[in-house]
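Please read the structure below before turning to the comments.
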Amino acid sequence: MKLSSYPKLAARVTPKIWRRVSGRVVGRWQRVWRDALASSIAAVVTWFLARHLFGHEMPLFAAISAIICLAPGLPSHSRQAVGILVGVFTGIVVGETVLWLPPDWRLVQFALAPFLAMIVASSYGLPVVVPIQAGTSALLVIAIGPETAGEARMLDVILGAGVGLLFSQILITPDPLRTIDGAARELLSSLADGMEGCAEALRHQQPSRSEAALIGLSDAHRSIVSMNSSISNARDDAKWSLRGRFMAAEVRDIAARYDRHAIRLYAASVLFADNLNYVLRESAKDAGGPVPESLIVRVETMADILRHMAEGDPLNMPAGSDAPPDYPRLQAESAAWVVCYHHLDLVNKALKAFNPHEVRQG
């Protein structure tokens, strides 16, 4: 490639990369802004209450506790609140116990208090926030004394956790079904991108495009990981929040179905793209015949269906999309294309089983 062509290539690639990166960033903002706003409001409310109820001039621990309870990305805000309370209480008890050591053993107290507090807190088998809060609380008791880091901090934390529970359980309880739907649409959008790349590769008979589509579909594994996390969060919300308990049965059914069929849909799509890449490369080497037009149409149709489903539309298979291909004729032309049809049929079946609209219909 000539040096003069690099600026032109960069001019074409840079906007595409920028759109992709900015789209991901905006998507992350959309997922976290509600929790971030709730955390900020809860911190202000907790600060105000702590000053007027307890007379604390600088109730930092109360505001911080509210933020920790409602921070974005937590699997369960209620479990986080309980974890903070247990951890702080454990740390205060351990810290005040260690203070019984002689005052000359100051460095020993600093080392021993957080160590013992985290060991004790880890024995509960609770989330990681518990030993973190226990170790921090024990260290604060040693550093600034039990008068500030003991009872006063415990009151602040109880208030902060209480406000956090009020927000998470009643005021801003997330919709667990929307959580799962968002993850499902992200997966479908990733697969639609890959299928569109496969259709372009077929239309132009370019193995390089099919290889790029295969890489893109393989990267959709991140969406599978995200979906598993979202399903876990939705199950926690259904178990630990008031709103979620009203939807528990529906969340359980949808989560179970996605658990079974999401990985199947992803695997079928990757296998199709891998086989397509292989056949296109072999066809290029042998200067084989043209790609069957019906295969191109089917892949384009599959990409359109995935795109519409990612945008929230129900699955609507066009007439004839389920009709079996003419295998005898295809085998006479090229047996390799038969395998592509077969893998595409597997994608079609997996998509029907995964269909979010069908999940909601029952």
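Letters for chains follow the order of the structure tokens (A, B, ...), residue numbers begin at 1 for each chain, and ligand numbers begin at 1 in the order shown.
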- Query: Neighbours of A:Val93 within 12 Å (only C-alpha atoms; same-chain residues fewer than 6 positions away dropped), as a PyMOL selection string?
  - Reply: chain A and resi 86-87+99-100+113-114+116-118+120-121+134-135+137-142+146+149-151+154
- Just the residues within 8 Å of stretch 155-164 of chain A, please, counting only C-alpha atoms, with nothing from its chain fewer than 2 positions along; format it as a VMD selection string. chain A and resid 42 to 43 45 to 46 50 59 61 to 67 69 to 70 77 to 78 81 to 82 84 to 85 88 151 to 153 166 to 168
Could you turn the residues from that selection into a file that holds C-alpha atoms, as a PDB file, in the first residue's frame?
```
ATOM      1  CA  ALA A  42     -29.912  10.291  48.331  1.00  0.00           C
ATOM      2  CA  ALA A  43     -26.585  11.703  49.541  1.00  0.00           C
ATOM      3  CA  VAL A  45     -31.190  13.836  51.660  1.00  0.00           C
ATOM      4  CA  THR A  46     -29.042  11.782  54.039  1.00  0.00           C
ATOM      5  CA  ALA A  50     -28.147  13.458  59.708  1.00  0.00           C
ATOM      6  CA  PRO A  59     -22.134  13.714  58.281  1.00  0.00           C
ATOM      7  CA  PHE A  61     -20.271   8.827  56.454  1.00  0.00           C
ATOM      8  CA  ALA A  62     -24.042   9.115  56.039  1.00  0.00           C
ATOM      9  CA  ALA A  63     -23.783  10.631  52.558  1.00  0.00           C
ATOM     10  CA  ILE A  64     -21.041   8.212  51.498  1.00  0.00           C
ATOM     11  CA  SER A  65     -23.093   5.236  52.700  1.00  0.00           C
ATOM     12  CA  ALA A  66     -26.055   6.351  50.588  1.00  0.00           C
ATOM     13  CA  ILE A  67     -23.828   6.625  47.503  1.00  0.00           C
ATOM     14  CA  CYS A  69     -25.754   1.654  48.450  1.00  0.00           C
ATOM     15  CA  LEU A  70     -27.076   3.140  45.202  1.00  0.00           C
ATOM     16  CA  HIS A  77     -28.873  -2.308  46.112  1.00  0.00           C
ATOM     17  CA  SER A  78     -30.635  -3.900  49.075  1.00  0.00           C
ATOM     18  CA  ALA A  81     -27.111  -1.804  52.116  1.00  0.00           C
ATOM     19  CA  VAL A  82     -27.237  -4.840  54.395  1.00  0.00           C
ATOM     20  CA  ILE A  84     -22.532  -2.079  54.604  1.00  0.00           C
ATOM     21  CA  LEU A  85     -24.367  -2.303  57.936  1.00  0.00           C
ATOM     22  CA  VAL A  88     -19.383  -1.339  59.638  1.00  0.00           C
ATOM     23  CA  GLU A 151     -21.394   5.169  67.605  1.00  0.00           C
ATOM     24  CA  ALA A 152     -21.600   8.360  65.541  1.00  0.00           C
ATOM     25  CA  ARG A 153     -20.452   6.609  62.385  1.00  0.00           C
ATOM     26  CA  LEU A 166     -35.981   3.572  50.617  1.00  0.00           C
ATOM     27  CA  PHE A 167     -34.770   4.672  47.187  1.00  0.00           C
ATOM     28  CA  SER A 168     -33.959   1.186  45.881  1.00  0.00           C
TER      29      SER A 168
END
```
- When you draw a straight line from atom CA of A:Ala199 to atom CA of A:Leu344, how long is it in Å? 11.9 Å
- Go through A:Ser190, A:Thr173, A:Asn228, A:Gln133 and flag the residue nearest A:Gln80, using only C-alpha atoms for the distances.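 Of A:Ser190, A:Thr173, A:Asn228, A:Gln133, the one nearest A:Gln80, counting only C-alpha atoms, is A:Gln133.
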- Task: May I ask which of the residues A:Ser294, A:Ser22, A:Asn277, A:Thr136 is the closest one to A:Leu214, counting only C-alpha atoms?
- Result: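 Among the listed residues, A:Asn277 lies closest to A:Leu214.
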- Task: May I have all residues of stretch 110-328 of chain A that DSSP, computed from the backbone, assigns to alpha helix (DSSP H), given as a ChimeraX atom specification?
- Result: /A:110-122,129-144,146,152-166,176-204,207-219,221-240,242-246,248-286,293-310,327-328
- Query: Do you know which residues are at most 8 Å from A:Leu306 counting only C-alpha atoms, after dropping those on the same chain fewer than 3 positions away, and could you put them as a PyMOL selection string?
  - Reply: chain A and resi 188-189+191-192+302-303+309-310
Mind dumping the selected residues with N, CA and C atoms as a short mmCIF file (atom, residue, chain, number, x, y, z; two decimals), in the first residue's frame?
```cif
data_model
loop_
_atom_site.label_atom_id
_atom_site.label_comp_id
_atom_site.auth_asym_id
_atom_site.auth_seq_id
_atom_site.Cartn_x
_atom_site.Cartn_y
_atom_site.Cartn_z
N LEU A 188 -28.79 -9.04 20.10
CA LEU A 188 -29.38 -9.10 18.76
C LEU A 188 -28.76 -8.07 17.83
N SER A 189 -28.45 -6.90 18.35
CA SER A 189 -27.82 -5.86 17.53
C SER A 189 -26.43 -6.30 17.08
N LEU A 191 -25.39 -9.40 16.69
CA LEU A 191 -25.56 -10.46 15.69
C LEU A 191 -26.04 -9.89 14.37
N ALA A 192 -26.88 -8.85 14.41
CA ALA A 192 -27.34 -8.22 13.16
C ALA A 192 -26.16 -7.60 12.41
N MET A 302 -32.20 -12.63 7.28
CA MET A 302 -31.85 -12.91 8.67
C MET A 302 -31.29 -11.66 9.35
N ALA A 303 -30.46 -10.92 8.63
CA ALA A 303 -29.91 -9.68 9.20
C ALA A 303 -31.02 -8.68 9.49
N MET A 309 -35.69 -7.04 15.52
CA MET A 309 -35.86 -7.56 16.88
C MET A 309 -35.03 -6.76 17.87
N ALA A 310 -33.84 -6.34 17.45
CA ALA A 310 -33.00 -5.52 18.34
C ALA A 310 -33.66 -4.17 18.63
#
```
- Message: Give me, as a list in words, all polymer residues having an atom no more than 7 Å from stretch 244-260 of chain A, counting only C-alpha atoms and skipping those fewer than 5 positions away in the same chain.
- Response: Pro176, Leu177, Ile231, Arg235, Asp237, Ala238, Lys239, Phe354 and Val359 of chain A
